[in-house]
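Just entry.cif here, mmCIF, N, CA and C atoms, pLDDT in the B column; chains and numbers go by the auth columns:
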```cif
data_upload
#
loop_
_atom_site.group_PDB
_atom_site.id
_atom_site.type_symbol
_atom_site.label_atom_id
_atom_site.label_comp_id
_atom_site.label_asym_id
_atom_site.label_seq_id
_atom_site.Cartn_x
_atom_site.Cartn_y
_atom_site.Cartn_z
_atom_site.B_iso_or_equiv
_atom_site.auth_seq_id
_atom_site.auth_asym_id
ATOM 1 N N MET A 1 -18.690 -2.189 -32.969 45.00 100 U
ATOM 2 C CA MET A 1 -19.890 -2.249 -32.171 45.00 100 U
ATOM 3 C C MET A 1 -19.639 -2.970 -30.858 45.00 100 U
ATOM 4 N N ASP A 2 -18.897 -4.055 -30.873 49.00 101 U
ATOM 5 C CA ASP A 2 -18.628 -4.792 -29.648 49.00 101 U
ATOM 6 C C ASP A 2 -17.895 -3.944 -28.624 49.00 101 U
ATOM 7 N N ASN A 3 -16.953 -3.109 -29.068 50.00 102 U
ATOM 8 C CA ASN A 3 -16.224 -2.249 -28.144 50.00 102 U
ATOM 9 C C ASN A 3 -17.155 -1.256 -27.464 50.00 102 U
ATOM 10 N N LYS A 4 -18.100 -0.701 -28.210 51.00 103 U
ATOM 11 C CA LYS A 4 -19.044 0.232 -27.618 51.00 103 U
ATOM 12 C C LYS A 4 -19.915 -0.486 -26.601 51.00 103 U
ATOM 13 N N ASN A 5 -20.402 -1.686 -26.943 49.00 104 U
ATOM 14 C CA ASN A 5 -21.255 -2.421 -26.016 49.00 104 U
ATOM 15 C C ASN A 5 -20.507 -2.777 -24.745 49.00 104 U
ATOM 16 N N LYS A 6 -19.247 -3.178 -24.854 48.00 105 U
ATOM 17 C CA LYS A 6 -18.455 -3.513 -23.674 48.00 105 U
ATOM 18 C C LYS A 6 -18.202 -2.277 -22.833 48.00 105 U
ATOM 19 N N SER A 7 -17.949 -1.139 -23.478 49.00 106 U
ATOM 20 C CA SER A 7 -17.647 0.075 -22.729 49.00 106 U
ATOM 21 C C SER A 7 -18.884 0.621 -22.041 49.00 106 U
ATOM 22 N N GLU A 8 -20.076 0.328 -22.547 46.00 107 U
ATOM 23 C CA GLU A 8 -21.304 0.806 -21.915 46.00 107 U
ATOM 24 C C GLU A 8 -21.428 0.272 -20.494 46.00 107 U
ATOM 25 N N LYS A 9 -20.906 -0.921 -20.220 51.00 108 U
ATOM 26 C CA LYS A 9 -21.033 -1.527 -18.902 51.00 108 U
ATOM 27 C C LYS A 9 -20.239 -0.775 -17.848 51.00 108 U
ATOM 28 N N SER A 10 -19.199 -0.059 -18.253 69.00 109 U
ATOM 29 C CA SER A 10 -18.392 0.690 -17.308 69.00 109 U
ATOM 30 C C SER A 10 -18.879 2.129 -17.164 69.00 109 U
ATOM 31 N N VAL A 11 -19.955 2.464 -17.838 83.00 110 U
ATOM 32 C CA VAL A 11 -20.509 3.816 -17.827 83.00 110 U
ATOM 33 C C VAL A 11 -21.633 3.879 -16.806 83.00 110 U
ATOM 34 N N GLY A 12 -21.789 5.034 -16.172 94.00 111 U
ATOM 35 C CA GLY A 12 -22.837 5.211 -15.182 94.00 111 U
ATOM 36 C C GLY A 12 -24.222 5.240 -15.789 94.00 111 U
ATOM 37 N N PHE A 13 -25.214 5.081 -14.941 95.00 112 U
ATOM 38 C CA PHE A 13 -26.610 5.030 -15.377 95.00 112 U
ATOM 39 C C PHE A 13 -27.005 6.284 -16.147 95.00 112 U
ATOM 40 N N GLU A 14 -26.661 7.437 -15.630 95.00 113 U
ATOM 41 C CA GLU A 14 -27.035 8.686 -16.275 95.00 113 U
ATOM 42 C C GLU A 14 -26.413 8.815 -17.658 95.00 113 U
ATOM 43 N N GLU A 15 -25.179 8.359 -17.792 96.00 114 U
ATOM 44 C CA GLU A 15 -24.522 8.408 -19.090 96.00 114 U
ATOM 45 C C GLU A 15 -25.206 7.468 -20.079 96.00 114 U
ATOM 46 N N LYS A 16 -25.663 6.323 -19.576 97.00 115 U
ATOM 47 C CA LYS A 16 -26.379 5.381 -20.441 97.00 115 U
ATOM 48 C C LYS A 16 -27.677 5.998 -20.938 97.00 115 U
ATOM 49 N N ILE A 17 -28.383 6.669 -20.047 96.00 116 U
ATOM 50 C CA ILE A 17 -29.630 7.329 -20.447 96.00 116 U
ATOM 51 C C ILE A 17 -29.333 8.399 -21.497 96.00 116 U
ATOM 52 N N GLY A 18 -28.259 9.144 -21.314 97.00 117 U
ATOM 53 C CA GLY A 18 -27.857 10.142 -22.296 97.00 117 U
ATOM 54 C C GLY A 18 -27.553 9.518 -23.640 97.00 117 U
ATOM 55 N N ARG A 19 -26.876 8.382 -23.620 96.00 118 U
ATOM 56 C CA ARG A 19 -26.557 7.671 -24.862 96.00 118 U
ATOM 57 C C ARG A 19 -27.839 7.196 -25.544 96.00 118 U
ATOM 58 N N LEU A 20 -28.794 6.709 -24.759 97.00 119 U
ATOM 59 C CA LEU A 20 -30.084 6.298 -25.323 97.00 119 U
ATOM 60 C C LEU A 20 -30.800 7.478 -25.981 97.00 119 U
ATOM 61 N N GLN A 21 -30.769 8.622 -25.339 97.00 120 U
ATOM 62 C CA GLN A 21 -31.404 9.809 -25.907 97.00 120 U
ATOM 63 C C GLN A 21 -30.761 10.189 -27.238 97.00 120 U
ATOM 64 N N THR A 22 -29.440 10.092 -27.305 96.00 121 U
ATOM 65 C CA THR A 22 -28.727 10.395 -28.542 96.00 121 U
ATOM 66 C C THR A 22 -29.126 9.423 -29.645 96.00 121 U
ATOM 67 N N ILE A 23 -29.209 8.152 -29.304 96.00 122 U
ATOM 68 C CA ILE A 23 -29.599 7.130 -30.280 96.00 122 U
ATOM 69 C C ILE A 23 -31.003 7.402 -30.801 96.00 122 U
ATOM 70 N N VAL A 24 -31.936 7.693 -29.907 95.00 123 U
ATOM 71 C CA VAL A 24 -33.318 7.956 -30.307 95.00 123 U
ATOM 72 C C VAL A 24 -33.378 9.170 -31.221 95.00 123 U
ATOM 73 N N GLU A 25 -32.655 10.224 -30.864 94.00 124 U
ATOM 74 C CA GLU A 25 -32.643 11.429 -31.698 94.00 124 U
ATOM 75 C C GLU A 25 -32.109 11.132 -33.095 94.00 124 U
ATOM 76 N N LYS A 26 -31.045 10.352 -33.176 93.00 125 U
ATOM 77 C CA LYS A 26 -30.494 9.995 -34.478 93.00 125 U
ATOM 78 C C LYS A 26 -31.496 9.208 -35.298 93.00 125 U
ATOM 79 N N LEU A 27 -32.155 8.256 -34.663 92.00 126 U
ATOM 80 C CA LEU A 27 -33.111 7.419 -35.379 92.00 126 U
ATOM 81 C C LEU A 27 -34.345 8.213 -35.816 92.00 126 U
ATOM 82 N N GLU A 28 -34.768 9.164 -35.004 92.00 127 U
ATOM 83 C CA GLU A 28 -35.971 9.931 -35.310 92.00 127 U
ATOM 84 C C GLU A 28 -35.720 11.084 -36.286 92.00 127 U
ATOM 85 N N ASN A 29 -34.576 11.735 -36.169 89.00 128 U
ATOM 86 C CA ASN A 29 -34.374 12.999 -36.869 89.00 128 U
ATOM 87 C C ASN A 29 -33.385 12.976 -38.019 89.00 128 U
ATOM 88 N N ASP A 30 -32.522 12.005 -38.054 77.00 129 U
ATOM 89 C CA ASP A 30 -31.461 12.014 -39.060 77.00 129 U
ATOM 90 C C ASP A 30 -31.890 11.178 -40.262 77.00 129 U
ATOM 91 N N GLY A 31 -32.306 11.840 -41.300 80.00 130 U
ATOM 92 C CA GLY A 31 -32.743 11.155 -42.503 80.00 130 U
ATOM 93 C C GLY A 31 -31.607 10.542 -43.296 80.00 130 U
ATOM 94 N N ASN A 32 -30.374 10.816 -42.897 87.00 131 U
ATOM 95 C CA ASN A 32 -29.215 10.306 -43.621 87.00 131 U
ATOM 96 C C ASN A 32 -28.660 9.008 -43.052 87.00 131 U
ATOM 97 N N VAL A 33 -29.304 8.456 -42.033 89.00 132 U
ATOM 98 C CA VAL A 33 -28.826 7.215 -41.425 89.00 132 U
ATOM 99 C C VAL A 33 -29.215 6.054 -42.342 89.00 132 U
ATOM 100 N N THR A 34 -28.241 5.231 -42.678 92.00 133 U
ATOM 101 C CA THR A 34 -28.511 4.076 -43.536 92.00 133 U
ATOM 102 C C THR A 34 -29.283 3.026 -42.753 92.00 133 U
ATOM 103 N N LEU A 35 -29.857 2.105 -43.477 93.00 134 U
ATOM 104 C CA LEU A 35 -30.594 1.015 -42.837 93.00 134 U
ATOM 105 C C LEU A 35 -29.671 0.222 -41.915 93.00 134 U
ATOM 106 N N GLU A 36 -28.468 -0.068 -42.380 95.00 135 U
ATOM 107 C CA GLU A 36 -27.500 -0.817 -41.574 95.00 135 U
ATOM 108 C C GLU A 36 -27.125 -0.049 -40.299 95.00 135 U
ATOM 109 N N ASP A 37 -26.900 1.268 -40.440 94.00 136 U
ATOM 110 C CA ASP A 37 -26.586 2.090 -39.267 94.00 136 U
ATOM 111 C C ASP A 37 -27.775 2.164 -38.314 94.00 136 U
ATOM 112 N N SER A 38 -28.969 2.231 -38.875 94.00 137 U
ATOM 113 C CA SER A 38 -30.173 2.252 -38.035 94.00 137 U
ATOM 114 C C SER A 38 -30.288 0.976 -37.221 94.00 137 U
ATOM 115 N N MET A 39 -30.026 -0.154 -37.865 96.00 138 U
ATOM 116 C CA MET A 39 -30.079 -1.432 -37.142 96.00 138 U
ATOM 117 C C MET A 39 -29.013 -1.487 -36.059 96.00 138 U
ATOM 118 N N SER A 40 -27.840 -1.002 -36.357 97.00 139 U
ATOM 119 C CA SER A 40 -26.761 -0.985 -35.372 97.00 139 U
ATOM 120 C C SER A 40 -27.130 -0.110 -34.175 97.00 139 U
ATOM 121 N N LEU A 41 -27.674 1.069 -34.448 96.00 140 U
ATOM 122 C CA LEU A 41 -28.103 1.960 -33.371 96.00 140 U
ATOM 123 C C LEU A 41 -29.213 1.320 -32.545 96.00 140 U
ATOM 124 N N PHE A 42 -30.154 0.685 -33.221 96.00 141 U
ATOM 125 C CA PHE A 42 -31.260 0.016 -32.533 96.00 141 U
ATOM 126 C C PHE A 42 -30.730 -1.081 -31.616 96.00 141 U
ATOM 127 N N GLU A 43 -29.800 -1.888 -32.123 98.00 142 U
ATOM 128 C CA GLU A 43 -29.203 -2.953 -31.308 98.00 142 U
ATOM 129 C C GLU A 43 -28.472 -2.383 -30.102 98.00 142 U
ATOM 130 N N GLN A 44 -27.720 -1.303 -30.316 97.00 143 U
ATOM 131 C CA GLN A 44 -27.027 -0.657 -29.201 97.00 143 U
ATOM 132 C C GLN A 44 -28.032 -0.170 -28.161 97.00 143 U
ATOM 133 N N GLY A 45 -29.134 0.404 -28.642 97.00 144 U
ATOM 134 C CA GLY A 45 -30.177 0.887 -27.740 97.00 144 U
ATOM 135 C C GLY A 45 -30.784 -0.231 -26.913 97.00 144 U
ATOM 136 N N LEU A 46 -30.989 -1.389 -27.537 98.00 145 U
ATOM 137 C CA LEU A 46 -31.530 -2.533 -26.797 98.00 145 U
ATOM 138 C C LEU A 46 -30.577 -2.998 -25.705 98.00 145 U
ATOM 139 N N VAL A 47 -29.297 -3.050 -26.020 97.00 146 U
ATOM 140 C CA VAL A 47 -28.302 -3.478 -25.029 97.00 146 U
ATOM 141 C C VAL A 47 -28.273 -2.498 -23.861 97.00 146 U
ATOM 142 N N ILE A 48 -28.252 -1.215 -24.167 97.00 147 U
ATOM 143 C CA ILE A 48 -28.205 -0.191 -23.117 97.00 147 U
ATOM 144 C C ILE A 48 -29.482 -0.236 -22.282 97.00 147 U
ATOM 145 N N THR A 49 -30.629 -0.398 -22.944 97.00 148 U
ATOM 146 C CA THR A 49 -31.900 -0.481 -22.224 97.00 148 U
ATOM 147 C C THR A 49 -31.905 -1.659 -21.262 97.00 148 U
ATOM 148 N N ASP A 50 -31.434 -2.807 -21.718 97.00 149 U
ATOM 149 C CA ASP A 50 -31.370 -3.994 -20.866 97.00 149 U
ATOM 150 C C ASP A 50 -30.478 -3.737 -19.652 97.00 149 U
ATOM 151 N N GLU A 51 -29.341 -3.098 -19.872 96.00 150 U
ATOM 152 C CA GLU A 51 -28.436 -2.790 -18.760 96.00 150 U
ATOM 153 C C GLU A 51 -29.101 -1.841 -17.766 96.00 150 U
ATOM 154 N N CYS A 52 -29.825 -0.848 -18.274 97.00 151 U
ATOM 155 C CA CYS A 52 -30.501 0.109 -17.392 97.00 151 U
ATOM 156 C C CYS A 52 -31.600 -0.567 -16.585 97.00 151 U
ATOM 157 N N VAL A 53 -32.380 -1.431 -17.226 97.00 152 U
ATOM 158 C CA VAL A 53 -33.447 -2.150 -16.521 97.00 152 U
ATOM 159 C C VAL A 53 -32.851 -3.032 -15.429 97.00 152 U
ATOM 160 N N ASN A 54 -31.775 -3.732 -15.755 97.00 153 U
ATOM 161 C CA ASN A 54 -31.116 -4.575 -14.747 97.00 153 U
ATOM 162 C C ASN A 54 -30.606 -3.745 -13.577 97.00 153 U
ATOM 163 N N GLU A 55 -30.031 -2.595 -13.893 96.00 154 U
ATOM 164 C CA GLU A 55 -29.517 -1.720 -12.839 96.00 154 U
ATOM 165 C C GLU A 55 -30.658 -1.192 -11.969 96.00 154 U
ATOM 166 N N LEU A 56 -31.766 -0.810 -12.579 97.00 155 U
ATOM 167 C CA LEU A 56 -32.922 -0.330 -11.815 97.00 155 U
ATOM 168 C C LEU A 56 -33.503 -1.434 -10.944 97.00 155 U
ATOM 169 N N ASN A 57 -33.587 -2.651 -11.478 98.00 156 U
ATOM 170 C CA ASN A 57 -34.086 -3.776 -10.684 98.00 156 U
ATOM 171 C C ASN A 57 -33.187 -4.051 -9.486 98.00 156 U
ATOM 172 N N ALA A 58 -31.885 -3.958 -9.687 97.00 157 U
ATOM 173 C CA ALA A 58 -30.943 -4.171 -8.587 97.00 157 U
ATOM 174 C C ALA A 58 -31.111 -3.084 -7.523 97.00 157 U
ATOM 175 N N MET A 59 -31.306 -1.859 -7.959 96.00 158 U
ATOM 176 C CA MET A 59 -31.505 -0.762 -7.006 96.00 158 U
ATOM 177 C C MET A 59 -32.815 -0.932 -6.245 96.00 158 U
ATOM 178 N N GLN A 60 -33.844 -1.384 -6.942 97.00 159 U
ATOM 179 C CA GLN A 60 -35.131 -1.612 -6.287 97.00 159 U
ATOM 180 C C GLN A 60 -35.009 -2.693 -5.209 97.00 159 U
ATOM 181 N N ALA A 61 -34.288 -3.758 -5.512 97.00 160 U
ATOM 182 C CA ALA A 61 -34.067 -4.825 -4.527 97.00 160 U
ATOM 183 C C ALA A 61 -33.259 -4.302 -3.346 97.00 160 U
ATOM 184 N N ARG A 62 -32.288 -3.472 -3.635 97.00 161 U
ATOM 185 C CA ARG A 62 -31.464 -2.894 -2.570 97.00 161 U
ATOM 186 C C ARG A 62 -32.289 -1.988 -1.661 97.00 161 U
ATOM 187 N N ILE A 63 -33.174 -1.203 -2.261 97.00 162 U
ATOM 188 C CA ILE A 63 -34.046 -0.322 -1.472 97.00 162 U
ATOM 189 C C ILE A 63 -34.963 -1.154 -0.580 97.00 162 U
ATOM 190 N N ALA A 64 -35.524 -2.237 -1.118 96.00 163 U
ATOM 191 C CA ALA A 64 -36.404 -3.106 -0.321 96.00 163 U
ATOM 192 C C ALA A 64 -35.640 -3.698 0.854 96.00 163 U
ATOM 193 N N GLU A 65 -34.398 -4.107 0.612 96.00 164 U
ATOM 194 C CA GLU A 65 -33.579 -4.659 1.685 96.00 164 U
ATOM 195 C C GLU A 65 -33.287 -3.609 2.757 96.00 164 U
ATOM 196 N N LEU A 66 -32.957 -2.405 2.336 96.00 165 U
ATOM 197 C CA LEU A 66 -32.689 -1.325 3.296 96.00 165 U
ATOM 198 C C LEU A 66 -33.949 -0.956 4.069 96.00 165 U
ATOM 199 N N ASP A 67 -35.087 -0.999 3.399 95.00 166 U
ATOM 200 C CA ASP A 67 -36.350 -0.705 4.063 95.00 166 U
ATOM 201 C C ASP A 67 -36.630 -1.728 5.160 95.00 166 U
ATOM 202 N N LYS A 68 -36.345 -2.999 4.895 94.00 167 U
ATOM 203 C CA LYS A 68 -36.524 -4.043 5.907 94.00 167 U
ATOM 204 C C LYS A 68 -35.589 -3.808 7.092 94.00 167 U
ATOM 205 N N LYS A 69 -34.348 -3.425 6.795 94.00 168 U
ATOM 206 C CA LYS A 69 -33.399 -3.144 7.872 94.00 168 U
ATOM 207 C C LYS A 69 -33.871 -1.965 8.715 94.00 168 U
ATOM 208 N N LEU A 70 -34.428 -0.960 8.065 94.00 169 U
ATOM 209 C CA LEU A 70 -34.938 0.195 8.793 94.00 169 U
ATOM 210 C C LEU A 70 -36.094 -0.217 9.699 94.00 169 U
ATOM 211 N N ASP A 71 -36.974 -1.063 9.201 92.00 170 U
ATOM 212 C CA ASP A 71 -38.073 -1.558 10.034 92.00 170 U
ATOM 213 C C ASP A 71 -37.546 -2.260 11.270 92.00 170 U
ATOM 214 N N ILE A 72 -36.510 -3.062 11.117 92.00 171 U
ATOM 215 C CA ILE A 72 -35.912 -3.769 12.252 92.00 171 U
ATOM 216 C C ILE A 72 -35.311 -2.777 13.242 92.00 171 U
ATOM 217 N N ILE A 73 -34.587 -1.786 12.729 92.00 172 U
ATOM 218 C CA ILE A 73 -33.959 -0.782 13.593 92.00 172 U
ATOM 219 C C ILE A 73 -35.013 -0.007 14.377 92.00 172 U
ATOM 220 N N LEU A 74 -36.103 0.328 13.720 91.00 173 U
ATOM 221 C CA LEU A 74 -37.147 1.117 14.373 91.00 173 U
ATOM 222 C C LEU A 74 -38.121 0.262 15.173 91.00 173 U
ATOM 223 N N GLY A 75 -37.909 -1.049 15.144 89.00 174 U
ATOM 224 C CA GLY A 75 -38.750 -1.955 15.914 89.00 174 U
ATOM 225 C C GLY A 75 -40.113 -2.182 15.296 89.00 174 U
ATOM 226 N N ARG A 76 -40.224 -1.876 14.029 83.00 175 U
ATOM 227 C CA ARG A 76 -41.495 -2.117 13.347 83.00 175 U
ATOM 228 C C ARG A 76 -41.482 -3.520 12.764 83.00 175 U
ATOM 229 N N SER A 77 -42.625 -4.130 12.767 69.00 176 U
ATOM 230 C CA SER A 77 -42.772 -5.434 12.130 69.00 176 U
ATOM 231 C C SER A 77 -44.167 -5.518 11.541 69.00 176 U
ATOM 232 N N GLU A 78 -44.405 -6.541 10.751 61.00 177 U
ATOM 233 C CA GLU A 78 -45.723 -6.701 10.148 61.00 177 U
ATOM 234 C C GLU A 78 -46.788 -6.915 11.215 61.00 177 U
ATOM 235 N N THR A 79 -46.455 -7.654 12.280 53.00 178 U
ATOM 236 C CA THR A 79 -47.446 -7.922 13.320 53.00 178 U
ATOM 237 C C THR A 79 -47.788 -6.630 14.074 53.00 178 U
ATOM 238 N N ALA A 80 -46.806 -5.760 14.298 49.00 179 U
ATOM 239 C CA ALA A 80 -47.071 -4.500 14.972 49.00 179 U
ATOM 240 C C ALA A 80 -47.970 -3.611 14.114 49.00 179 U
ATOM 241 N N GLU A 81 -47.764 -3.624 12.806 53.00 180 U
ATOM 242 C CA GLU A 81 -48.599 -2.827 11.917 53.00 180 U
ATOM 243 C C GLU A 81 -50.026 -3.370 11.873 53.00 180 U
ATOM 244 N N ASN A 82 -50.182 -4.686 11.920 56.00 181 U
ATOM 245 C CA ASN A 82 -51.501 -5.297 11.888 56.00 181 U
ATOM 246 C C ASN A 82 -52.293 -4.989 13.149 56.00 181 U
ATOM 247 N N ASN A 83 -51.620 -4.757 14.290 55.00 182 U
ATOM 248 C CA ASN A 83 -52.286 -4.455 15.550 55.00 182 U
ATOM 249 C C ASN A 83 -52.770 -3.016 15.622 55.00 182 U
ATOM 250 N N ASP A 84 -52.259 -2.153 14.784 52.00 183 U
ATOM 251 C CA ASP A 84 -52.630 -0.727 14.822 52.00 183 U
ATOM 252 C C ASP A 84 -53.948 -0.464 14.212 52.00 183 U
#
```

What would the structure in this file look like if it were written as structure tokens?
Amino acid sequence: MDNKNKSEKSVGFEEKIGRLQTIVEKLENDGNVTLEDSMSLFEQGLVITDECVNELNAMQARIAELDKKLDIILGRSETAENND
């Protein structure tokens, strides 16, 4: 399990989402999954979800920063918007 969790960090966002979908499908549809395997899958899903949320938050912060830079380049500011 530790190897899978470590390898998830080197995987792209889309691949992580795909892995989450696979985990959910196994948990929902596979009646042959043992309780121990279900817990392991659930734990893996939590780790992947946390990584995805962190990645999305980082992207959101990056977008906000780029948006501020664009405002500066275009000469827009909060005071100019308030005057309109």

Using only C-alpha atoms, find the one residue out of U:Leu126, U:Ala157, U:Arg175, U:Cys151 that sits nearest to Val110 (chain U).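 When distances to Val110 (chain U) are compared using only C-alpha atoms, the smallest one comes from U:Cys151.
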
I need the residue nearest Glu113 (chain U) from this list: U:Leu134, U:Leu140, U:Leu155, U:Ile172. Use only C-alpha atoms for the distance. U:Leu155

On this structure, which residues satisfy the PyMOL selection byres (((chain U and resi 145 and name CA) around 12) and name CA), written as a list of chain:residue names?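 So the PyMOL selection byres (((chain U and resi 145 and name CA) around 12) and name CA), applied here, picks out U:Asn104, U:Glu107, U:Lys115, U:Ile116, U:Arg118, U:Leu119, U:Ile122, U:Val123, U:Met138, U:Ser139, U:Leu140, U:Phe141, U:Glu142, U:Gln143, U:Gly144, U:Val146, U:Ile147, U:Thr148, U:Asp149, U:Glu150, U:Cys151, U:Val152.
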
Go ahead and save the picked residues with N, CA and C atoms, as a compact mmCIF listing (two decimals), keeping the file's coordinate frame.
```txt
# COMPACT_ATOMS: atom_id res chain seq x y z
N ASN U 104 -20.40 -1.69 -26.94
CA ASN U 104 -21.26 -2.42 -26.02
C ASN U 104 -20.51 -2.78 -24.74
N GLU U 107 -20.08 0.33 -22.55
CA GLU U 107 -21.30 0.81 -21.92
C GLU U 107 -21.43 0.27 -20.49
N LYS U 115 -25.66 6.32 -19.58
CA LYS U 115 -26.38 5.38 -20.44
C LYS U 115 -27.68 6.00 -20.94
N ILE U 116 -28.38 6.67 -20.05
CA ILE U 116 -29.63 7.33 -20.45
C ILE U 116 -29.33 8.40 -21.50
N ARG U 118 -26.88 8.38 -23.62
CA ARG U 118 -26.56 7.67 -24.86
C ARG U 118 -27.84 7.20 -25.54
N LEU U 119 -28.79 6.71 -24.76
CA LEU U 119 -30.08 6.30 -25.32
C LEU U 119 -30.80 7.48 -25.98
N ILE U 122 -29.21 8.15 -29.30
CA ILE U 122 -29.60 7.13 -30.28
C ILE U 122 -31.00 7.40 -30.80
N VAL U 123 -31.94 7.69 -29.91
CA VAL U 123 -33.32 7.96 -30.31
C VAL U 123 -33.38 9.17 -31.22
N MET U 138 -30.03 -0.15 -37.86
CA MET U 138 -30.08 -1.43 -37.14
C MET U 138 -29.01 -1.49 -36.06
N SER U 139 -27.84 -1.00 -36.36
CA SER U 139 -26.76 -0.98 -35.37
C SER U 139 -27.13 -0.11 -34.17
N LEU U 140 -27.67 1.07 -34.45
CA LEU U 140 -28.10 1.96 -33.37
C LEU U 140 -29.21 1.32 -32.54
N PHE U 141 -30.15 0.68 -33.22
CA PHE U 141 -31.26 0.02 -32.53
C PHE U 141 -30.73 -1.08 -31.62
N GLU U 142 -29.80 -1.89 -32.12
CA GLU U 142 -29.20 -2.95 -31.31
C GLU U 142 -28.47 -2.38 -30.10
N GLN U 143 -27.72 -1.30 -30.32
CA GLN U 143 -27.03 -0.66 -29.20
C GLN U 143 -28.03 -0.17 -28.16
N GLY U 144 -29.13 0.40 -28.64
CA GLY U 144 -30.18 0.89 -27.74
C GLY U 144 -30.78 -0.23 -26.91
N VAL U 146 -29.30 -3.05 -26.02
CA VAL U 146 -28.30 -3.48 -25.03
C VAL U 146 -28.27 -2.50 -23.86
N ILE U 147 -28.25 -1.22 -24.17
CA ILE U 147 -28.20 -0.19 -23.12
C ILE U 147 -29.48 -0.24 -22.28
N THR U 148 -30.63 -0.40 -22.94
CA THR U 148 -31.90 -0.48 -22.22
C THR U 148 -31.90 -1.66 -21.26
N ASP U 149 -31.43 -2.81 -21.72
CA ASP U 149 -31.37 -3.99 -20.87
C ASP U 149 -30.48 -3.74 -19.65
N GLU U 150 -29.34 -3.10 -19.87
CA GLU U 150 -28.44 -2.79 -18.76
C GLU U 150 -29.10 -1.84 -17.77
N CYS U 151 -29.82 -0.85 -18.27
CA CYS U 151 -30.50 0.11 -17.39
C CYS U 151 -31.60 -0.57 -16.58
N VAL U 152 -32.38 -1.43 -17.23
CA VAL U 152 -33.45 -2.15 -16.52
C VAL U 152 -32.85 -3.03 -15.43
```

What does the distance from atom N of Ala163 (chain U) to atom N of Thr121 (chain U) come to in Å, to one decimal?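 Rounded to one decimal, the two atoms are 29.6 Å apart.
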
How many Å lie between CA of Phe112 (chain U) and CA of Gly130 (chain U), rounded to one decimal? 28.5 Å
